[in-house]
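Before any comments, here is the structure.
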Amino acid sequence: MKNKMDIGVIGLSVMGSNLALNLADHGFQVMGFNRSRGVTEKLMAEQPHPNLSAAYTMEEFVEMLSRPRRIMMMIKAGPPVDAVIRQIAPLLEPGDVLMDGGNTFFEETQRRQKELADKGILYLGVGISGGSEGARKGPSIMPGGAPEAYALVRPMLEAIAAKAKGEPCCAYMGPGGAGHYVKMVHNGIEYADMQLIAEAYLVLKYAGGLTNAEMAEVFEEWNEGELESYLIGITAKVLREKDDLAGGDLVDHILDSAGQKGTGRWASIEALKQGVDLSMINAAANARVLSGDMNRRSRAGAMIPQPAPHADTDRKTLVDTVRQALYTGKIMAYAQGFALLKSASESFGWSLDYGTIASIFRAGCIIQARFLDDMTKAYREDPQLDNLLFAPFFAKRVKEGQSGLRGVVTYGIMEGIPMPALSGAIAYLDSFRAAATGANLIQAQRDFFGAHTYGRNDRPGIFHHDWRF
């Protein structure tokens, strides 16, 4: 075996093996390694590739890479990453590049960067979105860390990334943990987007009475217009899928309990730290938590009955109103997510490019959508855009769509349909545009019981009132 392998991949499970094969497809000589020898042997036997080789010890793996070495770790986030670093770091040399392509919390990435910098090893936290299919055919890639490290791997990452209008969906995000932070926010938006679609499904099914086949037609139609996206497209396919075990439609046999891996929760926690309203993403994460509490949901449903159904509504009108609500809610979710990115960028000194971020989300990732072309344009026209809702295009769409959003939320609430994300969207809009939020009363209460002081709207200064009982 020649000692000229371009890049190494550690971790050859589904994501790692697909990424390695993607690199190999693009002409790079790839060295693969997995802690479990059997995983490596299975990949080499079942998916042989002329540009893919395997090593069965870490020492052999490192030795066969050309210098400076470029290594991507595709392993479970957390302690396993530290374990691999402890094993491989003594084998590396100053100037080598080590990358983490997992869903790692950005502060962990920053800690590892500092630790490895003392050894001269360059470290990148690389957000990768698109699932197993994206890893194989072209994901959205969000690298962050030392710019000189990105320069050494840029040709490889851009080559394997998805392409949107000829542009690679890969770009340098910034120093430190910027790449993994952007991926965290991407996943938070993904939570909200999926929850919005689930709520649209609930309204159409339980208020509109549409069958799965009829809803599939609706989602297919929506996917031909401004709502075109990966998630809308797969929703139509999910609704058409037949059950191979019990007959009927598969979706009706899937347990009504959603899982999560924690990235949405991280986004919510970071929003609280930054003082940014991320209420829709919070609501989506909370909805998954509550969905898993099936025993209590069953007990509560028996004790507190569903509201009596109201008069039937015109299906065509309902479908169009739900479409408006879904699109308007989507604007709110992205506005919140990008507001968090803006706050973090200012706090950490990252100088994030929001137009570039929107552009690399246009293909390859889970939230890829036509919608992102408009976002990219908005941020490129005004790189300092303070909030997505201030972009003329999106402000106009919110004005046009807010009546549909209000209508669906009102209708859903009266029907007893849970709508945390859609109702959160209208609450965010009304709070964001409100002349009065009630905060004056809250400040009066805080000053009353805790002497927390308050500002006034008629004169400068900080005040405390001697409240009388």
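Naming scheme: A, B, ... for chains in displayed order of the structure tokens; residues 1 onward per chain; ligands 1 onward as shown.
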
- Message: Could you go through stretch 48-139 of chain A and tell me which residues DSSP, when run on the backbone, assigns to alpha helix (DSSP H), listing them as a ChimeraX atom specification?
- Response: /A:58-63,79-88,106-117,131-137

Mind dumping the selected residues with N, CA and C atoms as a compact mmCIF listing (two decimals), in the first residue's frame?
```txt
# COMPACT_ATOMS: atom_id res chain seq x y z
N MET A 58 -4.43 1.88 14.92
CA MET A 58 -4.33 3.34 14.82
C MET A 58 -2.97 3.75 14.28
N GLU A 59 -1.92 3.01 14.68
CA GLU A 59 -0.57 3.32 14.22
C GLU A 59 -0.46 3.18 12.70
N GLU A 60 -0.99 2.10 12.18
CA GLU A 60 -0.96 1.88 10.73
C GLU A 60 -1.77 2.96 10.02
N PHE A 61 -2.93 3.29 10.58
CA PHE A 61 -3.81 4.31 10.01
C PHE A 61 -3.07 5.64 9.85
N VAL A 62 -2.44 6.08 10.92
CA VAL A 62 -1.74 7.37 10.89
C VAL A 62 -0.54 7.33 9.95
N GLU A 63 0.20 6.24 9.97
CA GLU A 63 1.41 6.13 9.17
C GLU A 63 1.13 6.21 7.67
N PRO A 79 -17.66 11.51 25.35
CA PRO A 79 -16.43 10.83 25.78
C PRO A 79 -15.72 10.03 24.69
N PRO A 80 -16.45 9.37 23.74
CA PRO A 80 -15.71 8.65 22.70
C PRO A 80 -14.77 9.53 21.89
N VAL A 81 -15.13 10.79 21.69
CA VAL A 81 -14.24 11.69 20.95
C VAL A 81 -12.96 11.93 21.73
N ASP A 82 -13.11 12.19 23.03
CA ASP A 82 -11.91 12.40 23.86
C ASP A 82 -11.04 11.15 23.89
N ALA A 83 -11.68 9.98 23.91
CA ALA A 83 -10.92 8.73 23.94
C ALA A 83 -10.09 8.56 22.68
N VAL A 84 -10.68 8.87 21.53
CA VAL A 84 -9.93 8.76 20.27
C VAL A 84 -8.81 9.79 20.22
N ILE A 85 -9.09 10.99 20.68
CA ILE A 85 -8.05 12.03 20.68
C ILE A 85 -6.86 11.61 21.54
N ARG A 86 -7.15 11.04 22.71
CA ARG A 86 -6.06 10.59 23.58
C ARG A 86 -5.22 9.51 22.89
N GLN A 87 -5.87 8.69 22.07
CA GLN A 87 -5.15 7.61 21.40
C GLN A 87 -4.34 8.11 20.21
N ILE A 88 -4.92 9.07 19.47
CA ILE A 88 -4.28 9.46 18.21
C ILE A 88 -3.32 10.64 18.35
N PHE A 106 -20.66 22.83 21.09
CA PHE A 106 -19.60 23.71 20.63
C PHE A 106 -18.55 24.02 21.70
N GLU A 107 -18.95 24.05 22.97
CA GLU A 107 -17.96 24.33 24.01
C GLU A 107 -16.96 23.18 24.15
N GLU A 108 -17.40 21.96 23.90
CA GLU A 108 -16.48 20.83 23.90
C GLU A 108 -15.48 20.95 22.75
N THR A 109 -15.96 21.40 21.62
CA THR A 109 -15.08 21.61 20.47
C THR A 109 -14.02 22.65 20.79
N GLN A 110 -14.42 23.73 21.43
CA GLN A 110 -13.47 24.79 21.77
C GLN A 110 -12.44 24.31 22.79
N ARG A 111 -12.88 23.50 23.74
CA ARG A 111 -11.93 22.95 24.71
C ARG A 111 -10.89 22.07 24.01
N ARG A 112 -11.33 21.22 23.11
CA ARG A 112 -10.41 20.32 22.42
C ARG A 112 -9.46 21.09 21.52
N GLN A 113 -9.96 22.16 20.89
CA GLN A 113 -9.08 22.98 20.05
C GLN A 113 -7.93 23.54 20.87
N LYS A 114 -8.22 24.06 22.04
CA LYS A 114 -7.18 24.65 22.88
C LYS A 114 -6.19 23.60 23.35
N GLU A 115 -6.70 22.45 23.74
CA GLU A 115 -5.81 21.38 24.21
C GLU A 115 -4.87 20.91 23.10
N LEU A 116 -5.40 20.75 21.89
CA LEU A 116 -4.57 20.26 20.78
C LEU A 116 -3.66 21.35 20.22
N ALA A 117 -4.07 22.60 20.36
CA ALA A 117 -3.22 23.70 19.88
C ALA A 117 -1.88 23.72 20.60
N GLY A 131 -28.00 13.49 7.04
CA GLY A 131 -28.22 12.08 7.34
C GLY A 131 -27.30 11.19 6.54
N SER A 132 -27.60 9.91 6.54
CA SER A 132 -26.74 8.95 5.85
C SER A 132 -26.74 9.17 4.34
N GLU A 133 -27.89 9.51 3.78
CA GLU A 133 -27.96 9.75 2.34
C GLU A 133 -27.13 10.98 1.96
N GLY A 134 -27.23 12.03 2.80
CA GLY A 134 -26.44 13.22 2.53
C GLY A 134 -24.95 12.95 2.60
N ALA A 135 -24.55 12.16 3.60
CA ALA A 135 -23.13 11.84 3.74
C ALA A 135 -22.62 11.14 2.49
N ARG A 136 -23.45 10.31 1.89
CA ARG A 136 -23.04 9.53 0.71
C ARG A 136 -23.09 10.36 -0.57
N LYS A 137 -24.13 11.19 -0.71
CA LYS A 137 -24.35 11.87 -1.98
C LYS A 137 -24.03 13.35 -1.97
```

| request: Looking only at strand (DSSP E) from DSSP on the backbone, list the matching residues of stretch 86-230 of chain A as number ranges by chain. | output: A: 97-100, 122-129, 140-145, 163-164, 167-168

Restricting it to N, CA and C atoms, dump the selection as a PDB file, in the first residue's frame.
```
ATOM      1  N   VAL A  97      -4.168  17.983  10.747  1.00  0.00           N
ATOM      2  CA  VAL A  97      -5.535  18.473  10.942  1.00  0.00           C
ATOM      3  C   VAL A  97      -6.423  17.334  11.419  1.00  0.00           C
ATOM      4  N   LEU A  98      -7.067  17.546  12.552  1.00  0.00           N
ATOM      5  CA  LEU A  98      -8.014  16.582  13.100  1.00  0.00           C
ATOM      6  C   LEU A  98      -9.387  17.234  13.111  1.00  0.00           C
ATOM      7  N   MET A  99     -10.390  16.542  12.567  1.00  0.00           N
ATOM      8  CA  MET A  99     -11.747  17.092  12.454  1.00  0.00           C
ATOM      9  C   MET A  99     -12.749  16.208  13.182  1.00  0.00           C
ATOM     10  N   ASP A 100     -13.734  16.839  13.776  1.00  0.00           N
ATOM     11  CA  ASP A 100     -14.839  16.133  14.426  1.00  0.00           C
ATOM     12  C   ASP A 100     -16.112  16.416  13.644  1.00  0.00           C
ATOM     13  N   LEU A 122      -3.922  21.070  14.492  1.00  0.00           N
ATOM     14  CA  LEU A 122      -5.051  21.907  14.080  1.00  0.00           C
ATOM     15  C   LEU A 122      -6.347  21.118  14.202  1.00  0.00           C
ATOM     16  N   TYR A 123      -7.366  21.756  14.785  1.00  0.00           N
ATOM     17  CA  TYR A 123      -8.619  21.039  15.073  1.00  0.00           C
ATOM     18  C   TYR A 123      -9.800  21.807  14.505  1.00  0.00           C
ATOM     19  N   LEU A 124     -10.690  21.094  13.850  1.00  0.00           N
ATOM     20  CA  LEU A 124     -11.905  21.687  13.287  1.00  0.00           C
ATOM     21  C   LEU A 124     -13.136  20.967  13.839  1.00  0.00           C
ATOM     22  N   GLY A 125     -14.124  21.753  14.233  1.00  0.00           N
ATOM     23  CA  GLY A 125     -15.437  21.205  14.538  1.00  0.00           C
ATOM     24  C   GLY A 125     -16.291  21.353  13.296  1.00  0.00           C
ATOM     25  N   VAL A 126     -16.692  20.247  12.709  1.00  0.00           N
ATOM     26  CA  VAL A 126     -17.361  20.263  11.397  1.00  0.00           C
ATOM     27  C   VAL A 126     -18.800  19.794  11.534  1.00  0.00           C
ATOM     28  N   GLY A 127     -19.738  20.726  11.420  1.00  0.00           N
ATOM     29  CA  GLY A 127     -21.147  20.346  11.385  1.00  0.00           C
ATOM     30  C   GLY A 127     -21.465  19.705  10.049  1.00  0.00           C
ATOM     31  N   ILE A 128     -22.127  18.557  10.080  1.00  0.00           N
ATOM     32  CA  ILE A 128     -22.495  17.853   8.845  1.00  0.00           C
ATOM     33  C   ILE A 128     -23.970  17.497   8.927  1.00  0.00           C
ATOM     34  N   SER A 129     -24.752  17.944   7.967  1.00  0.00           N
ATOM     35  CA  SER A 129     -26.187  17.649   7.959  1.00  0.00           C
ATOM     36  C   SER A 129     -26.593  16.991   6.651  1.00  0.00           C
ATOM     37  N   SER A 140     -24.630  19.083   3.646  1.00  0.00           N
ATOM     38  CA  SER A 140     -24.301  20.469   3.938  1.00  0.00           C
ATOM     39  C   SER A 140     -23.235  20.433   5.033  1.00  0.00           C
ATOM     40  N   ILE A 141     -22.154  21.194   4.852  1.00  0.00           N
ATOM     41  CA  ILE A 141     -20.995  21.078   5.738  1.00  0.00           C
ATOM     42  C   ILE A 141     -20.662  22.450   6.331  1.00  0.00           C
ATOM     43  N   MET A 142     -20.484  22.472   7.659  1.00  0.00           N
ATOM     44  CA  MET A 142     -20.280  23.719   8.409  1.00  0.00           C
ATOM     45  C   MET A 142     -19.006  23.636   9.245  1.00  0.00           C
ATOM     46  N   PRO A 143     -17.832  23.875   8.670  1.00  0.00           N
ATOM     47  CA  PRO A 143     -16.590  23.777   9.426  1.00  0.00           C
ATOM     48  C   PRO A 143     -16.319  25.043  10.247  1.00  0.00           C
ATOM     49  N   GLY A 144     -15.744  24.849  11.439  1.00  0.00           N
ATOM     50  CA  GLY A 144     -15.328  25.974  12.258  1.00  0.00           C
ATOM     51  C   GLY A 144     -14.045  25.641  12.983  1.00  0.00           C
ATOM     52  N   GLY A 145     -13.190  26.646  13.195  1.00  0.00           N
ATOM     53  CA  GLY A 145     -11.911  26.441  13.861  1.00  0.00           C
ATOM     54  C   GLY A 145     -10.862  27.332  13.246  1.00  0.00           C
ATOM     55  N   LYS A 163     -24.522  20.537  -3.834  1.00  0.00           N
ATOM     56  CA  LYS A 163     -24.405  21.741  -4.636  1.00  0.00           C
ATOM     57  C   LYS A 163     -25.782  22.383  -4.803  1.00  0.00           C
ATOM     58  N   ALA A 164     -25.828  23.691  -4.629  1.00  0.00           N
ATOM     59  CA  ALA A 164     -27.059  24.458  -4.847  1.00  0.00           C
ATOM     60  C   ALA A 164     -26.758  25.529  -5.886  1.00  0.00           C
ATOM     61  N   GLU A 167     -23.159  26.057  -6.504  1.00  0.00           N
ATOM     62  CA  GLU A 167     -22.314  26.459  -5.381  1.00  0.00           C
ATOM     63  C   GLU A 167     -22.244  25.336  -4.354  1.00  0.00           C
ATOM     64  N   PRO A 168     -21.050  25.030  -3.833  1.00  0.00           N
ATOM     65  CA  PRO A 168     -20.964  23.982  -2.809  1.00  0.00           C
ATOM     66  C   PRO A 168     -21.626  24.426  -1.515  1.00  0.00           C
TER      67      PRO A 168
END
```

- prompt: Hey, which of A:Gly401, A:Gly337, A:Gly32, A:Gly176 ends up closest to A:Ile281? Count only C-alpha atoms.
  reply: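 Among the listed residues, the smallest separation from A:Ile281 belongs to A:Gly337.
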
Residues within 9 Å of stretch 402-408 of chain A, please, as a list of chain:residue names. Count only C-alpha atoms; anything in the same chain fewer than 5 positions from it doesn't count.
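That gives A:Ala200, A:Val203, A:Leu318, A:Asp320, A:Thr321, A:Val322, A:Arg323, A:Gln324, A:Ala325, A:Leu326, A:Tyr327, A:Thr328, A:Gly329, A:Arg397, A:Ile413, A:Leu422, A:Ser423, A:Ala425, A:Ile426, A:Leu429.
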
- Any idea what's packed within 9 Å of A:His49, counting only C-alpha atoms, ignoring anything in its chain fewer than 2 positions away? Could you give it as a PyMOL selection string? chain A and resi 21+24-25+44+47+51-53

*Kindly indicate which residue among A:Gly78, A:Pro139, A:Gly450, A:Gly120 lies nearest to A:Ile367, using only C-alpha atoms for the distances.*
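With only C-alpha atoms as the atom set, the closest residue is A:Pro139.
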
Hey, what's within 7 Å of A:Gln274 if we count only C-alpha atoms and toss same-chain stuff fewer than 4 positions away? As a PyMOL selection string, please? chain A and resi 270+343-344

Mind dumping the selected residues with C-alpha atoms as a tab-separated table (two decimals), in the first residue's frame?
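Here's the written file part.tsv:
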```
chain	number	residue	atom	x	y	z
A	270	GLU	CA	-27.94	28.70	24.55
A	343	SER	CA	-26.34	37.13	19.13
A	344	ALA	CA	-23.75	34.35	19.44
```

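In this structure, atom CA of A:Lys273 sits 15.4 Å away from atom CA of A:Phe338.
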
What's the 10 Å shell around A:Lys330, counting only C-alpha atoms, without same-chain residues fewer than 5 positions away, as a ChimeraX atom specification? /A:189,192-194,196-197,227,280,324-325,335-336,371,421-422,425

Just to be explicit: take each residue in the selection above, keep N, CA and C atoms, and write the result as a PDB file, in the first residue's frame.
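Written out: out.pdb:
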```
ATOM      1  N   ILE A 189     -33.739  24.629  14.296  1.00  0.00           N
ATOM      2  CA  ILE A 189     -34.709  25.008  13.263  1.00  0.00           C
ATOM      3  C   ILE A 189     -35.395  23.765  12.708  1.00  0.00           C
ATOM      4  N   ALA A 192     -38.209  22.775  14.925  1.00  0.00           N
ATOM      5  CA  ALA A 192     -39.388  23.627  14.752  1.00  0.00           C
ATOM      6  C   ALA A 192     -40.088  23.330  13.434  1.00  0.00           C
ATOM      7  N   ASP A 193     -39.312  23.149  12.378  1.00  0.00           N
ATOM      8  CA  ASP A 193     -39.879  22.874  11.056  1.00  0.00           C
ATOM      9  C   ASP A 193     -40.698  21.579  11.083  1.00  0.00           C
ATOM     10  N   MET A 194     -40.142  20.543  11.691  1.00  0.00           N
ATOM     11  CA  MET A 194     -40.850  19.269  11.771  1.00  0.00           C
ATOM     12  C   MET A 194     -42.115  19.380  12.624  1.00  0.00           C
ATOM     13  N   LEU A 196     -43.929  22.117  13.099  1.00  0.00           N
ATOM     14  CA  LEU A 196     -44.923  22.868  12.317  1.00  0.00           C
ATOM     15  C   LEU A 196     -45.640  21.949  11.333  1.00  0.00           C
ATOM     16  N   ILE A 197     -44.889  21.091  10.654  1.00  0.00           N
ATOM     17  CA  ILE A 197     -45.495  20.163   9.697  1.00  0.00           C
ATOM     18  C   ILE A 197     -46.404  19.174  10.412  1.00  0.00           C
ATOM     19  N   LEU A 227     -43.457  26.232  -0.512  1.00  0.00           N
ATOM     20  CA  LEU A 227     -43.128  25.360   0.615  1.00  0.00           C
ATOM     21  C   LEU A 227     -42.227  24.187   0.201  1.00  0.00           C
ATOM     22  N   MET A 280     -40.222  28.983  19.605  1.00  0.00           N
ATOM     23  CA  MET A 280     -40.755  27.938  18.728  1.00  0.00           C
ATOM     24  C   MET A 280     -39.911  26.679  18.797  1.00  0.00           C
ATOM     25  N   GLN A 324     -50.868  28.744   4.354  1.00  0.00           N
ATOM     26  CA  GLN A 324     -50.419  30.080   4.749  1.00  0.00           C
ATOM     27  C   GLN A 324     -49.804  30.063   6.143  1.00  0.00           C
ATOM     28  N   ALA A 325     -50.481  29.365   7.057  1.00  0.00           N
ATOM     29  CA  ALA A 325     -49.995  29.301   8.436  1.00  0.00           C
ATOM     30  C   ALA A 325     -48.640  28.620   8.514  1.00  0.00           C
ATOM     31  N   ALA A 335     -36.442  33.117  11.672  1.00  0.00           N
ATOM     32  CA  ALA A 335     -36.107  34.405  12.269  1.00  0.00           C
ATOM     33  C   ALA A 335     -35.519  34.201  13.664  1.00  0.00           C
ATOM     34  N   GLN A 336     -36.115  33.298  14.445  1.00  0.00           N
ATOM     35  CA  GLN A 336     -35.602  33.028  15.782  1.00  0.00           C
ATOM     36  C   GLN A 336     -34.221  32.373  15.720  1.00  0.00           C
ATOM     37  N   PHE A 371     -37.374  28.089   0.143  1.00  0.00           N
ATOM     38  CA  PHE A 371     -37.429  29.222   1.056  1.00  0.00           C
ATOM     39  C   PHE A 371     -36.049  29.842   1.302  1.00  0.00           C
ATOM     40  N   ALA A 421     -46.100  24.950  18.321  1.00  0.00           N
ATOM     41  CA  ALA A 421     -45.210  25.706  17.437  1.00  0.00           C
ATOM     42  C   ALA A 421     -45.969  26.795  16.680  1.00  0.00           C
ATOM     43  N   LEU A 422     -47.122  26.446  16.119  1.00  0.00           N
ATOM     44  CA  LEU A 422     -47.910  27.453  15.395  1.00  0.00           C
ATOM     45  C   LEU A 422     -48.399  28.548  16.330  1.00  0.00           C
ATOM     46  N   ALA A 425     -45.581  30.736  17.115  1.00  0.00           N
ATOM     47  CA  ALA A 425     -45.242  31.640  16.016  1.00  0.00           C
ATOM     48  C   ALA A 425     -46.040  32.925  16.104  1.00  0.00           C
TER      49      ALA A 425
END
```

Q: Name all residues at most 6 Å from A:Glu228 (count only C-alpha atoms; drop same-chain ones fewer than 4 positions away) and give them as a VMD selection string.
A: chain A and resid 223 to 224 369 to 370

Store the residues picked out above, limited to N, CA and C atoms, as an mmCIF file, in the first residue's frame.
```cif
data_model
loop_
_atom_site.group_PDB
_atom_site.id
_atom_site.type_symbol
_atom_site.label_atom_id
_atom_site.label_comp_id
_atom_site.auth_asym_id
_atom_site.auth_seq_id
_atom_site.Cartn_x
_atom_site.Cartn_y
_atom_site.Cartn_z
ATOM 1 N N ASN A 223 -45.359 20.984 -2.214
ATOM 2 C CA ASN A 223 -43.952 20.805 -2.556
ATOM 3 C C ASN A 223 -43.630 21.287 -3.972
ATOM 4 N N GLU A 224 -44.647 21.681 -4.686
ATOM 5 C CA GLU A 224 -44.439 22.269 -6.009
ATOM 6 C C GLU A 224 -44.383 23.787 -5.935
ATOM 7 N N ALA A 369 -34.571 23.862 1.439
ATOM 8 C CA ALA A 369 -35.882 24.321 0.979
ATOM 9 C C ALA A 369 -35.731 25.463 -0.015
ATOM 10 N N ARG A 370 -36.728 25.640 -0.864
ATOM 11 C CA ARG A 370 -36.766 26.777 -1.775
ATOM 12 C C ARG A 370 -36.717 28.090 -1.003
#
```
